[in-house]
$ cat protein14.tsv   # TSV, C-alpha atoms
chain	number	residue	atom	x	y	z
R	1	MET	CA	-17.46	97.87	-8.72
R	2	LYS	CA	-20.75	99.18	-7.38
R	3	ALA	CA	-23.86	97.00	-7.71
R	4	LEU	CA	-27.46	98.20	-7.47
R	5	VAL	CA	-29.54	95.31	-6.10
R	6	ILE	CA	-33.25	95.73	-6.78
R	7	GLY	CA	-35.37	93.83	-4.25
R	8	GLY	CA	-34.99	93.44	-0.50
R	9	GLY	CA	-36.75	90.12	0.13
R	10	ILE	CA	-34.67	86.95	0.39
R	11	ALA	CA	-32.65	86.93	-2.84
R	12	GLY	CA	-31.67	90.59	-2.55
R	13	PRO	CA	-29.87	90.43	0.82
R	14	VAL	CA	-28.19	87.12	-0.09
R	15	THR	CA	-26.96	88.68	-3.34
R	16	ALA	CA	-25.67	91.73	-1.48
R	17	LEU	CA	-23.84	89.58	1.08
R	18	ALA	CA	-22.26	87.47	-1.69
R	19	LEU	CA	-21.20	90.59	-3.58
R	20	ARG	CA	-19.62	92.08	-0.46
R	21	LYS	CA	-17.69	88.82	0.05
R	22	ALA	CA	-16.52	89.11	-3.58
R	23	GLY	CA	-15.21	92.64	-3.00
R	24	ILE	CA	-18.09	94.38	-4.78
R	25	GLU	CA	-19.99	97.22	-3.08
R	26	PRO	CA	-23.76	96.56	-3.03
R	27	ILE	CA	-26.73	98.81	-2.31
R	28	VAL	CA	-30.14	97.17	-1.87
R	29	PHE	CA	-33.32	98.99	-2.96
R	30	GLU	CA	-36.68	97.78	-1.68
R	31	ALA	CA	-39.96	99.00	-3.17
R	32	TYR	CA	-41.94	98.84	0.07
R	33	ASP	CA	-41.63	101.52	2.73
R	34	SER	CA	-41.11	99.10	5.60
R	35	THR	CA	-39.40	95.80	6.34
R	36	ALA	CA	-41.10	92.47	5.63
R	37	ASP	CA	-41.50	91.39	9.25
R	38	GLY	CA	-44.55	89.16	9.60
R	39	VAL	CA	-44.84	88.58	5.85
R	40	GLY	CA	-44.95	85.11	4.27
R	41	GLY	CA	-45.50	81.54	5.31
R	42	VAL	CA	-43.29	78.52	5.87
R	43	LEU	CA	-40.54	77.53	3.46
R	44	SER	CA	-37.91	74.82	3.30
R	45	VAL	CA	-34.21	75.44	2.78
R	46	ALA	CA	-32.53	72.32	1.41
R	47	PRO	CA	-28.95	71.28	2.26
R	48	ASN	CA	-27.64	72.80	-0.98
R	49	GLY	CA	-29.31	76.10	-0.08
R	50	LEU	CA	-27.99	75.96	3.48
R	51	ALA	CA	-24.48	75.49	2.08
R	52	ALA	CA	-24.91	78.54	-0.16
R	53	LEU	CA	-26.20	80.63	2.75
R	54	GLU	CA	-23.29	79.53	4.90
R	55	ILE	CA	-20.90	80.91	2.26
R	56	VAL	CA	-22.34	84.39	2.83
R	57	GLY	CA	-22.17	84.01	6.62
R	58	LEU	CA	-25.57	82.63	7.68
R	59	ARG	CA	-25.19	79.62	9.95
R	60	PRO	CA	-27.68	76.77	9.38
R	61	ASP	CA	-29.06	76.86	12.92
R	62	PHE	CA	-32.52	78.26	12.24
R	63	GLY	CA	-35.94	76.64	11.93
R	64	ASP	CA	-36.69	72.95	12.40
R	65	PRO	CA	-34.35	70.26	11.00
R	66	VAL	CA	-35.81	67.68	8.61
R	67	ARG	CA	-33.72	64.63	7.70
R	68	THR	CA	-36.33	62.25	6.32
R	69	MET	CA	-39.08	62.62	3.71
R	70	VAL	CA	-41.94	60.12	3.70
R	71	MET	CA	-44.40	59.83	0.81
R	72	ALA	CA	-47.81	58.28	1.53
R	73	ASP	CA	-51.23	57.91	-0.05
R	74	GLY	CA	-54.57	59.04	1.33
R	75	GLN	CA	-55.10	55.75	3.16
R	76	GLY	CA	-51.88	56.13	5.13
R	77	HIS	CA	-49.86	53.61	3.12
R	78	GLU	CA	-46.20	54.57	2.85
R	79	LEU	CA	-45.09	54.88	-0.77
R	80	GLY	CA	-41.45	55.78	-0.25
R	81	ARG	CA	-38.89	57.22	2.13
R	82	ILE	CA	-35.70	59.24	1.58
R	83	THR	CA	-33.18	60.15	4.28
R	84	GLY	CA	-30.29	62.56	3.83
R	85	ASP	CA	-28.59	65.67	5.17
R	86	PRO	CA	-30.98	67.91	7.10
R	87	SER	CA	-33.07	70.62	5.51
R	88	ARG	CA	-34.48	73.41	7.66
R	89	VAL	CA	-38.16	74.36	7.74
R	90	VAL	CA	-38.44	78.03	8.65
R	91	TRP	CA	-40.92	80.87	8.61
R	92	ARG	CA	-40.00	83.26	5.80
R	93	GLU	CA	-40.03	86.22	8.19
R	94	ASP	CA	-37.43	84.52	10.39
R	95	LEU	CA	-35.09	83.87	7.46
R	96	TYR	CA	-35.66	87.42	6.21
R	97	ARG	CA	-34.86	88.88	9.63
R	98	ARG	CA	-31.64	86.88	9.96
R	99	LEU	CA	-30.46	87.96	6.51
R	100	ARG	CA	-31.38	91.58	7.26
R	101	ASP	CA	-29.47	91.50	10.55
R	102	LEU	CA	-26.45	89.98	8.82
R	103	ALA	CA	-26.53	92.67	6.13
R	104	THR	CA	-26.82	95.35	8.82
R	105	ALA	CA	-23.85	93.89	10.70
R	106	GLN	CA	-21.80	94.15	7.49
R	107	ARG	CA	-23.00	97.73	6.98
R	108	ILE	CA	-24.69	96.97	3.68
R	109	LYS	CA	-26.91	99.89	2.75
R	110	VAL	CA	-30.62	99.08	2.31
R	111	GLU	CA	-33.04	101.78	1.12
R	112	HIS	CA	-36.83	101.37	1.43
R	113	GLY	CA	-39.56	103.07	-0.57
R	114	LYS	CA	-37.51	102.77	-3.77
R	115	ARG	CA	-39.78	101.34	-6.48
R	116	LEU	CA	-37.87	100.96	-9.72
R	117	ILE	CA	-39.61	102.38	-12.80
R	118	ASP	CA	-36.84	102.57	-15.41
R	119	VAL	CA	-33.14	102.08	-16.07
R	120	GLU	CA	-30.70	104.06	-18.18
R	121	THR	CA	-27.64	102.17	-19.39
R	122	ARG	CA	-24.52	103.58	-20.95
R	123	GLU	CA	-21.11	102.30	-21.87
R	124	ASN	CA	-19.54	102.90	-18.48
R	125	GLY	CA	-22.45	102.54	-16.07
R	126	VAL	CA	-26.15	102.18	-15.28
R	127	THR	CA	-28.65	104.46	-13.55
R	128	ALA	CA	-31.79	103.32	-11.74
R	129	LEU	CA	-34.83	105.65	-11.78
R	130	PHE	CA	-37.27	105.32	-8.89
R	131	SER	CA	-40.92	106.32	-8.52
R	132	ASP	CA	-40.09	108.96	-5.89
R	133	GLY	CA	-38.01	110.85	-8.46
R	134	SER	CA	-34.64	109.78	-7.08
R	135	THR	CA	-31.89	108.07	-9.04
R	136	GLU	CA	-28.81	105.97	-8.26
R	137	SER	CA	-25.91	105.07	-10.52
R	138	GLY	CA	-23.58	102.11	-10.44
R	139	ASP	CA	-21.64	99.65	-12.56
R	140	VAL	CA	-24.21	96.85	-12.64
R	141	LEU	CA	-27.91	96.48	-11.79
R	142	ILE	CA	-29.18	93.16	-10.42
R	143	GLY	CA	-32.86	92.26	-10.49
R	144	ALA	CA	-33.63	90.33	-7.31
R	145	ASP	CA	-37.19	91.64	-7.39
R	146	GLY	CA	-39.11	88.39	-7.41
R	147	ILE	CA	-41.56	86.58	-9.61
R	148	ARG	CA	-43.15	89.85	-10.85
R	149	SER	CA	-39.80	91.40	-11.61
R	150	THR	CA	-39.65	94.91	-13.07
R	151	VAL	CA	-36.04	94.35	-14.09
R	152	ARG	CA	-37.04	91.29	-16.11
R	153	THR	CA	-39.39	93.37	-18.26
R	154	LEU	CA	-36.76	96.10	-18.65
R	155	ILE	CA	-34.30	93.51	-19.92
R	156	ASP	CA	-36.90	91.99	-22.23
R	157	PRO	CA	-40.34	93.61	-22.68
R	158	ASP	CA	-41.58	90.30	-24.12
R	159	ALA	CA	-40.46	88.26	-21.11
R	160	PRO	CA	-43.05	85.76	-19.80
R	161	SER	CA	-45.11	86.33	-16.68
R	162	PRO	CA	-45.68	83.84	-13.86
R	163	GLU	CA	-48.34	81.21	-14.43
R	164	TYR	CA	-50.90	80.05	-11.88
R	165	VAL	CA	-50.87	76.25	-11.56
R	166	GLY	CA	-54.46	75.97	-10.33
R	167	LEU	CA	-53.68	75.47	-6.64
R	168	LEU	CA	-53.99	77.66	-3.55
R	169	GLY	CA	-51.72	77.06	-0.57
R	170	PHE	CA	-52.85	76.86	3.05
R	171	GLY	CA	-51.29	75.96	6.37
R	172	SER	CA	-52.01	75.74	10.08
R	173	TYR	CA	-51.39	73.78	13.28
R	174	ALA	CA	-53.37	70.89	14.74
R	175	ARG	CA	-53.31	70.28	18.48
R	176	GLU	CA	-54.23	67.03	20.22
R	177	SER	CA	-55.06	65.46	16.87
R	178	GLY	CA	-53.55	62.07	17.70
R	179	VAL	CA	-51.53	62.15	14.48
R	180	GLN	CA	-48.06	60.76	15.10
R	181	ALA	CA	-45.04	62.29	13.37
R	182	ASP	CA	-41.48	61.02	13.81
R	183	PRO	CA	-38.90	63.63	14.82
R	184	GLU	CA	-37.09	65.44	11.97
R	185	THR	CA	-39.45	63.89	9.41
R	186	MET	CA	-41.60	65.60	6.79
R	187	TYR	CA	-44.63	63.71	5.47
R	188	PHE	CA	-46.09	64.24	2.00
R	189	VAL	CA	-49.52	62.69	1.40
R	190	PHE	CA	-50.83	62.34	-2.15
R	191	GLY	CA	-54.48	61.50	-1.68
R	192	SER	CA	-57.67	63.25	-2.78
R	193	SER	CA	-55.56	66.43	-2.47
R	194	PHE	CA	-51.96	67.08	-1.41
R	195	LEU	CA	-51.00	67.39	2.27
R	196	GLY	CA	-47.67	67.94	3.98
R	197	TYR	CA	-47.05	67.85	7.72
R	198	TRP	CA	-44.41	67.54	10.44
R	199	GLY	CA	-44.39	67.30	14.21
R	200	GLU	CA	-43.39	70.04	16.63
R	201	PRO	CA	-41.56	69.19	19.90
R	202	ASP	CA	-44.71	69.91	21.97
R	203	GLY	CA	-46.79	67.38	20.01
R	204	THR	CA	-48.47	69.96	17.80
R	205	VAL	CA	-48.56	68.97	14.12
R	206	ALA	CA	-47.86	71.71	11.58
R	207	TRP	CA	-49.48	71.12	8.19
R	208	PHE	CA	-49.70	72.70	4.76
R	209	ASN	CA	-51.77	71.73	1.78
R	210	ASN	CA	-53.08	72.71	-1.63
R	211	LEU	CA	-56.63	73.20	-2.80
R	212	ALA	CA	-57.55	73.09	-6.49
R	213	VAL	CA	-59.22	76.41	-7.35
R	214	PRO	CA	-59.70	77.44	-11.00
R	215	GLU	CA	-58.98	81.15	-10.55
R	216	PRO	CA	-56.13	82.52	-8.40
R	217	LEU	CA	-56.82	84.52	-5.25
R	218	THR	CA	-54.37	86.87	-3.57
R	219	THR	CA	-53.41	86.39	0.06
R	220	ALA	CA	-55.58	89.42	0.89
R	221	GLU	CA	-58.58	87.90	-0.92
R	222	ILE	CA	-58.03	84.59	0.88
R	223	ALA	CA	-57.85	86.41	4.23
R	224	ASN	CA	-61.22	88.07	3.57
R	225	ILE	CA	-62.86	84.63	3.67
R	226	SER	CA	-63.29	83.13	7.14
R	227	ALA	CA	-61.09	80.32	8.42
R	228	GLU	CA	-64.23	78.26	9.05
R	229	THR	CA	-65.16	78.50	5.37
R	230	TRP	CA	-61.73	77.46	4.16
R	231	LEU	CA	-61.50	74.59	6.67
R	232	ALA	CA	-64.89	73.36	5.49
R	233	ARG	CA	-63.80	73.50	1.84
R	234	LEU	CA	-60.60	71.65	2.65
R	235	ALA	CA	-62.49	69.01	4.63
R	236	GLU	CA	-64.77	68.47	1.62
R	237	ALA	CA	-61.77	68.14	-0.72
R	238	TYR	CA	-60.05	65.54	1.47
R	239	GLY	CA	-63.11	63.50	2.43
R	240	ASP	CA	-62.06	60.55	4.57
R	241	ASP	CA	-58.33	60.81	3.72
R	242	MET	CA	-56.12	60.23	6.73
R	243	PRO	CA	-54.44	61.96	8.44
R	244	ALA	CA	-55.89	65.02	6.65
R	245	LYS	CA	-59.36	64.56	8.16
R	246	ARG	CA	-58.01	64.38	11.70
R	247	LEU	CA	-55.65	67.35	11.26
R	248	LEU	CA	-58.40	69.55	9.86
R	249	GLU	CA	-60.80	68.59	12.65
R	250	HIS	CA	-58.25	69.74	15.25
R	251	SER	CA	-57.29	73.03	13.59
R	252	ASP	CA	-58.98	76.31	14.54
R	253	THR	CA	-57.22	78.67	12.19
R	254	VAL	CA	-55.81	78.56	8.69
R	255	ILE	CA	-53.24	80.73	6.94
R	256	GLY	CA	-53.61	81.39	3.22
R	257	ALA	CA	-50.21	81.26	1.55
R	258	GLY	CA	-51.63	82.43	-1.77
R	259	PRO	CA	-51.62	80.97	-5.27
R	260	LEU	CA	-48.96	78.50	-6.39
R	261	GLU	CA	-47.19	79.99	-9.38
R	262	ILE	CA	-44.36	78.97	-11.63
R	263	MET	CA	-42.19	80.93	-14.04
R	264	PRO	CA	-41.93	79.63	-17.59
R	265	SER	CA	-38.41	79.53	-18.96
R	266	VAL	CA	-37.12	83.12	-19.16
R	267	PRO	CA	-35.33	83.57	-22.51
R	268	ARG	CA	-33.12	86.49	-21.45
R	269	TRP	CA	-31.47	86.68	-18.06
R	270	HIS	CA	-29.26	89.67	-18.85
R	271	ARG	CA	-28.77	92.64	-21.15
R	272	ASP	CA	-26.19	95.42	-21.15
R	273	ARG	CA	-25.40	96.00	-17.45
R	274	MET	CA	-28.54	94.34	-16.08
R	275	VAL	CA	-28.92	90.75	-14.86
R	276	LEU	CA	-31.53	88.67	-13.01
R	277	VAL	CA	-31.16	86.50	-9.93
R	278	GLY	CA	-33.53	84.32	-7.89
R	279	ASP	CA	-37.25	84.17	-8.68
R	280	ALA	CA	-36.90	86.99	-11.20
R	281	ALA	CA	-34.99	84.55	-13.43
R	282	HIS	CA	-36.22	81.17	-12.23
R	283	ALA	CA	-39.13	80.47	-9.93
R	284	PRO	CA	-39.92	76.77	-9.65
R	285	SER	CA	-43.22	75.88	-8.06
R	286	ALA	CA	-43.17	75.50	-4.30
R	287	SER	CA	-43.53	71.78	-5.03
R	288	SER	CA	-39.79	71.70	-5.71
R	289	GLY	CA	-38.86	72.64	-2.14
R	290	GLN	CA	-35.95	74.45	-3.79
R	291	GLY	CA	-37.12	78.03	-4.43
R	292	ALA	CA	-35.14	79.76	-1.67
R	293	SER	CA	-32.20	77.38	-2.09
R	294	LEU	CA	-31.86	78.01	-5.82
R	295	ALA	CA	-32.06	81.75	-5.23
R	296	ALA	CA	-29.21	81.55	-2.72
R	297	GLU	CA	-27.13	79.44	-5.10
R	298	SER	CA	-27.65	81.87	-7.97
R	299	ALA	CA	-26.68	84.83	-5.80
R	300	VAL	CA	-23.41	83.17	-4.85
R	301	GLN	CA	-22.64	82.05	-8.41
R	302	LEU	CA	-23.34	85.51	-9.82
R	303	ALA	CA	-20.99	87.07	-7.27
R	304	ARG	CA	-18.24	84.58	-8.21
R	305	CYS	CA	-18.64	85.37	-11.90
R	306	LEU	CA	-18.48	89.13	-11.32
R	307	ARG	CA	-15.45	88.61	-9.08
R	308	ASP	CA	-13.47	86.56	-11.60
R	309	ILE	CA	-14.50	87.85	-15.04
R	310	PRO	CA	-13.93	91.58	-15.62
R	311	ASP	CA	-16.04	91.80	-18.79
R	312	LEU	CA	-19.71	92.02	-17.75
R	313	THR	CA	-21.07	90.34	-20.87
R	314	GLU	CA	-18.75	87.39	-20.36
R	315	ALA	CA	-19.46	87.29	-16.61
R	316	PHE	CA	-23.22	87.20	-17.19
R	317	ALA	CA	-22.86	84.49	-19.85
R	318	ALA	CA	-20.77	82.35	-17.50
R	319	TYR	CA	-23.33	82.83	-14.74
R	320	GLU	CA	-26.16	81.70	-17.01
R	321	ARG	CA	-24.19	78.63	-18.14
R	322	LEU	CA	-23.67	77.67	-14.50
R	323	ARG	CA	-27.31	78.10	-13.53
R	324	ARG	CA	-29.83	77.62	-16.32
R	325	PRO	CA	-29.58	73.82	-16.84
R	326	ARG	CA	-29.88	73.10	-13.12
R	327	VAL	CA	-32.77	75.43	-12.30
R	328	GLU	CA	-34.81	74.45	-15.35
R	329	ALA	CA	-34.44	70.73	-14.64
R	330	ILE	CA	-35.69	71.25	-11.08
R	331	ALA	CA	-38.57	73.44	-12.29
R	332	ALA	CA	-39.64	70.74	-14.77
R	333	ARG	CA	-39.79	68.09	-12.03
R	334	ALA	CA	-41.78	70.44	-9.78
R	335	ALA	CA	-44.29	70.99	-12.58
R	336	ARG	CA	-44.84	67.23	-12.79
R	337	THR	CA	-45.34	67.09	-9.02
R	338	ASN	CA	-48.06	69.75	-9.27
R	339	SER	CA	-50.20	67.40	-11.34
R	340	ASN	CA	-50.02	64.77	-8.57
R	341	LYS	CA	-51.13	67.33	-6.00
R	342	ARG	CA	-54.63	67.25	-7.46
R	343	GLY	CA	-54.88	63.60	-6.48
R	344	ILE	CA	-53.25	60.44	-7.79
R	345	GLY	CA	-54.93	57.56	-9.56
R	346	PRO	CA	-54.50	53.82	-8.96
R	347	ILE	CA	-51.74	53.42	-11.57
R	348	THR	CA	-49.69	56.28	-10.16
R	349	ARG	CA	-50.22	54.86	-6.66
R	350	LEU	CA	-48.78	51.52	-7.78
R	351	LEU	CA	-45.81	53.06	-9.58
R	352	MET	CA	-44.85	55.72	-7.04
R	353	PRO	CA	-42.91	53.40	-4.66
R	354	LEU	CA	-40.73	52.25	-7.56
R	355	VAL	CA	-40.26	55.80	-8.86
R	356	MET	CA	-39.38	57.02	-5.37
R	357	LYS	CA	-36.71	54.33	-4.92
R	358	THR	CA	-35.08	54.93	-8.31
R	359	VAL	CA	-35.58	58.13	-10.28
R	360	GLY	CA	-36.93	60.20	-7.39
R	361	LYS	CA	-34.17	59.28	-4.98
R	362	ARG	CA	-31.42	59.94	-7.52
R	363	ALA	CA	-32.84	63.34	-8.47
R	364	PHE	CA	-33.42	64.27	-4.82
R	365	THR	CA	-29.88	63.28	-3.84
R	366	ARG	CA	-28.33	65.03	-6.83
R	367	ASP	CA	-30.21	68.27	-6.15
R	368	GLN	CA	-29.40	68.34	-2.45
R	369	ASN	CA	-25.73	67.32	-2.81
R	370	TYR	CA	-24.94	70.31	-5.03
R	371	ARG	CA	-22.21	72.48	-3.50
R	372	ILE	CA	-20.51	75.66	-4.70
R	373	ASP	CA	-16.74	75.99	-4.36
R	374	TRP	CA	-16.44	79.67	-3.54
R	375	ASP	CA	-12.65	79.73	-3.85
R	376	ALA	CA	-12.54	78.09	-7.29
R	377	GLN	CA	-11.83	80.39	-10.21
R	378	VAL	CA	-14.71	80.84	-12.67
R	379	SER	CA	-13.65	80.33	-16.27
R	380	ARG	CA	-15.03	82.25	-19.21
$ encode --input "protein14.tsv" --output "structure tokens"
Amino acid sequence: MKALVIGGGIAGPVTALALRKAGIEPIVFEAYDSTADGVGGVLSVAPNGLAALEIVGLRPDFGDPVRTMVMADGQGHELGRITGDPSRVVWREDLYRRLRDLATAQRIKVEHGKRLIDVETRENGVTALFSDGSTESGDVLIGADGIRSTVRTLIDPDAPSPEYVGLLGFGSYARESGVQADPETMYFVFGSSFLGYWGEPDGTVAWFNNLAVPEPLTTAEIANISAETWLARLAEAYGDDMPAKRLLEHSDTVIGAGPLEIMPSVPRWHRDRMVLVGDAAHAPSASSGQGASLAAESAVQLARCLRDIPDLTEAFAAYERLRRPRVEAIAARAARTNSNKRGIGPITRLLMPLVMKTVGKRAFTRDQNYRIDWDAQVSR
């Protein structure tokens, strides 16, 4: 079987590596002319995602380990704490580079400058048509082309589009701020606005946050506004919240990560010889901390289904049964978290410690303990 993988970001290479492991020949097609070095901000890969990546050959030795999550309010009061297997906090470009190098080592073909514009399907194959006039034929076409997927609209012209949740993401580093951060601990502060931070070995504190803005701005539009302006707006939003005030006062630069978006439930994940994977099918808000991990899981599960079920329709249906309930439950919880990122009231502040110790801890543990048995046979 020959698979045409559309999209060369994170999901695309993971899908190609999983397909190769399953004995399927992949080719990856990336719309942009060059690699994505230097593109993107920080992301977290949870233990379940690390396990999926390890199946395709990527060792979990990248980024910074995080074993403990601490929730706090804007006055510095701890609301809850969860400790488990380590996640890894990594720059997207570093994860991308490692996946690209792994694909290169396995001689997986990656073609750049191939923007998909249409697909022709027939009984015994599928042909991708690209904007440069070239074509490529194969047995199956996989849309790993992100939240603004072209493949999704080719499968279903009425498919939903991503929705802006009213928050812009920012991040930076604070030096000599006096803010203390325990090793391998990520802090989430729900105060006047949301703030996350962790400590670097040299004492620097890395932070990321969200700012409520009615209309979305692209990363380019954010970059056109000075860091001083954004830092001033963030300082106004946080007021006297600690440690936000101190971190902002000791930061000279700020990186705009762009608008926070979420995909509504996508009714159709597959049609004929086309199928979706990763953010093209399910893109939970960044609040989930599971975006990259769920994409890796779906890539591995799709490869298992194609390996074990010869009929494509049945293989795609099995894949969707394995994935849809899990990804939509996580997306729903992330959507609820987004509302808290605009600031929590006194009732929520009182209830959060209890929620963290019961419902939150169970959901967190269940999500992160998920593991895929690569060798198990997939049933129809």
$ atom_distance --input "protein14.tsv" --atom1 "CA of Leu95 in chain R" --atom2 "CA of Ile10 in chain R"
7.7 Å
$ closest_residue --input "protein14.tsv" --among "R:Leu43, R:Ala331, R:Leu294, R:Ile6" --to "Ile262 in chain R" --atoms "only C-alpha atoms"
R:Ala331
$ closest_atom_pairs --input "protein14.tsv" --of "range 75-193 of chain R" --to "range 298-310 of chain R" --cutoff "10 Å" --atoms "all atoms listed in the file" --output "CSV"
residue,atom,partner,partner_atom,distance
R:Val140,CA,R:Leu306,CA,9.7
R:Ile142,CA,R:Leu302,CA,9.6
R:Ala144,CA,R:Ala299,CA,9.0
$ write_last_selection --input "protein14.tsv" --atoms "C-alpha atoms" --output "mmCIF file, keeping the file's coordinate frame"
data_model
loop_
_atom_site.group_PDB
_atom_site.id
_atom_site.type_symbol
_atom_site.label_atom_id
_atom_site.label_comp_id
_atom_site.auth_asym_id
_atom_site.auth_seq_id
_atom_site.Cartn_x
_atom_site.Cartn_y
_atom_site.Cartn_z
ATOM 1 C CA VAL R 140 -24.210 96.850 -12.640
ATOM 2 C CA ILE R 142 -29.180 93.160 -10.420
ATOM 3 C CA ALA R 144 -33.630 90.330 -7.310
#
$ closest_atom_pairs --input "protein14.tsv" --of "range 190-282 of chain R" --to "range 314-323 of chain R" --cutoff "9 Å" --atoms "only C-alpha atoms" --output "tab-separated table"
residue	atom	partner	partner_atom	distance
R:Trp269	CA	R:Glu320	CA	7.4
R:His270	CA	R:Phe316	CA	6.7
R:Arg271	CA	R:Phe316	CA	8.7
R:Met274	CA	R:Phe316	CA	9.0
R:Val275	CA	R:Phe316	CA	7.1
$ atom_distance --input "protein14.tsv" --atom1 "CA of Thr204 in chain R" --atom2 "CA of Ile255 in chain R"
16.0 Å
$ residues_around --input "protein14.tsv" --residues "Pro201 in chain R" --least-positions-apart "2" --cutoff "12 Å" --atoms "all atoms listed in the file" --output "ChimeraX atom specification"
/R:64-65,175,180-185,198-199,203-206
$ atom_distance --input "protein14.tsv" --atom1 "CA of Pro214 in chain R" --atom2 "CA of Glu261 in chain R"
12.9 Å
$ closest_residue --input "protein14.tsv" --among "R:Ala244, R:Ile27, R:Val90, R:Ala295" --to "Gly41 in chain R" --atoms "all atoms listed in the file"
R:Val90
$ residues_around --input "protein14.tsv" --residues "range 108-120 of chain R" --least-positions-apart "4" --cutoff "6 Å" --atoms "only C-alpha atoms" --output "CSV table (one decimal) with C-alpha atoms, in the frame of the given file"
chain,number,residue,atom,x,y,z
R,27,ILE,CA,-26.7,98.8,-2.3
R,28,VAL,CA,-30.1,97.2,-1.9
R,29,PHE,CA,-33.3,99.0,-3.0
R,30,GLU,CA,-36.7,97.8,-1.7
R,31,ALA,CA,-40.0,99.0,-3.2
R,32,TYR,CA,-41.9,98.8,0.1
R,33,ASP,CA,-41.6,101.5,2.7
R,103,ALA,CA,-26.5,92.7,6.1
R,104,THR,CA,-26.8,95.4,8.8
R,126,VAL,CA,-26.2,102.2,-15.3
R,127,THR,CA,-28.6,104.5,-13.6
R,128,ALA,CA,-31.8,103.3,-11.7
R,129,LEU,CA,-34.8,105.6,-11.8
R,130,PHE,CA,-37.3,105.3,-8.9
R,131,SER,CA,-40.9,106.3,-8.5
$ closest_residue --input "protein14.tsv" --among "R:Ser34, R:Gln106, R:Asn124, R:Asn210" --to "Leu312 in chain R" --atoms "all atoms listed in the file"
R:Asn124
$ residues_near_point --input "protein14.tsv" --point "(-33.7, 66.1, 6.7)" --cutoff "8 Å" --atoms "only C-alpha atoms" --output "PyMOL selection string"
chain R and resi 65-69+83-88+184-186
$ build_atoms --input "protein14.tsv" --residues "range 212-223 of chain R" --atoms "N, CA, C and O atoms" --output "PDB file, in the coordinates of the input"
ATOM      1  N   ALA R 212     -57.343  72.763  -5.081  1.00  0.00           N
ATOM      2  CA  ALA R 212     -57.550  73.090  -6.490  1.00  0.00           C
ATOM      3  C   ALA R 212     -58.658  74.138  -6.606  1.00  0.00           C
ATOM      4  O   ALA R 212     -59.801  73.908  -6.211  1.00  0.00           O
ATOM      5  N   VAL R 213     -58.281  75.311  -7.137  1.00  0.00           N
ATOM      6  CA  VAL R 213     -59.220  76.410  -7.350  1.00  0.00           C
ATOM      7  C   VAL R 213     -58.945  76.975  -8.738  1.00  0.00           C
ATOM      8  O   VAL R 213     -57.799  77.345  -9.034  1.00  0.00           O
ATOM      9  N   PRO R 214     -59.954  77.057  -9.600  1.00  0.00           N
ATOM     10  CA  PRO R 214     -59.700  77.440 -11.000  1.00  0.00           C
ATOM     11  C   PRO R 214     -59.047  78.805 -11.168  1.00  0.00           C
ATOM     12  O   PRO R 214     -58.135  78.962 -11.984  1.00  0.00           O
ATOM     13  N   GLU R 215     -59.508  79.798 -10.404  1.00  0.00           N
ATOM     14  CA  GLU R 215     -58.980  81.150 -10.550  1.00  0.00           C
ATOM     15  C   GLU R 215     -58.140  81.521  -9.322  1.00  0.00           C
ATOM     16  O   GLU R 215     -58.524  81.219  -8.193  1.00  0.00           O
ATOM     17  N   PRO R 216     -56.996  82.186  -9.531  1.00  0.00           N
ATOM     18  CA  PRO R 216     -56.130  82.520  -8.400  1.00  0.00           C
ATOM     19  C   PRO R 216     -56.746  83.587  -7.498  1.00  0.00           C
ATOM     20  O   PRO R 216     -57.490  84.458  -7.955  1.00  0.00           O
ATOM     21  N   LEU R 217     -56.445  83.502  -6.224  1.00  0.00           N
ATOM     22  CA  LEU R 217     -56.820  84.520  -5.250  1.00  0.00           C
ATOM     23  C   LEU R 217     -55.558  85.030  -4.572  1.00  0.00           C
ATOM     24  O   LEU R 217     -54.645  84.254  -4.286  1.00  0.00           O
ATOM     25  N   THR R 218     -55.501  86.306  -4.299  1.00  0.00           N
ATOM     26  CA  THR R 218     -54.370  86.870  -3.570  1.00  0.00           C
ATOM     27  C   THR R 218     -54.473  86.496  -2.102  1.00  0.00           C
ATOM     28  O   THR R 218     -55.542  86.063  -1.619  1.00  0.00           O
ATOM     29  N   THR R 219     -53.375  86.679  -1.381  1.00  0.00           N
ATOM     30  CA  THR R 219     -53.410  86.390   0.060  1.00  0.00           C
ATOM     31  C   THR R 219     -54.441  87.282   0.761  1.00  0.00           C
ATOM     32  O   THR R 219     -55.100  86.841   1.713  1.00  0.00           O
ATOM     33  N   ALA R 220     -54.589  88.526   0.297  1.00  0.00           N
ATOM     34  CA  ALA R 220     -55.580  89.420   0.890  1.00  0.00           C
ATOM     35  C   ALA R 220     -56.991  88.906   0.626  1.00  0.00           C
ATOM     36  O   ALA R 220     -57.862  88.939   1.513  1.00  0.00           O
ATOM     37  N   GLU R 221     -57.253  88.435  -0.585  1.00  0.00           N
ATOM     38  CA  GLU R 221     -58.580  87.900  -0.920  1.00  0.00           C
ATOM     39  C   GLU R 221     -58.860  86.634  -0.119  1.00  0.00           C
ATOM     40  O   GLU R 221     -59.992  86.407   0.322  1.00  0.00           O
ATOM     41  N   ILE R 222     -57.855  85.803   0.069  1.00  0.00           N
ATOM     42  CA  ILE R 222     -58.030  84.590   0.880  1.00  0.00           C
ATOM     43  C   ILE R 222     -58.356  84.968   2.320  1.00  0.00           C
ATOM     44  O   ILE R 222     -59.226  84.375   2.958  1.00  0.00           O
ATOM     45  N   ALA R 223     -57.658  85.992   2.844  1.00  0.00           N
ATOM     46  CA  ALA R 223     -57.850  86.410   4.230  1.00  0.00           C
ATOM     47  C   ALA R 223     -59.243  86.982   4.466  1.00  0.00           C
ATOM     48  O   ALA R 223     -59.746  86.968   5.597  1.00  0.00           O
TER      49      ALA R 223
END
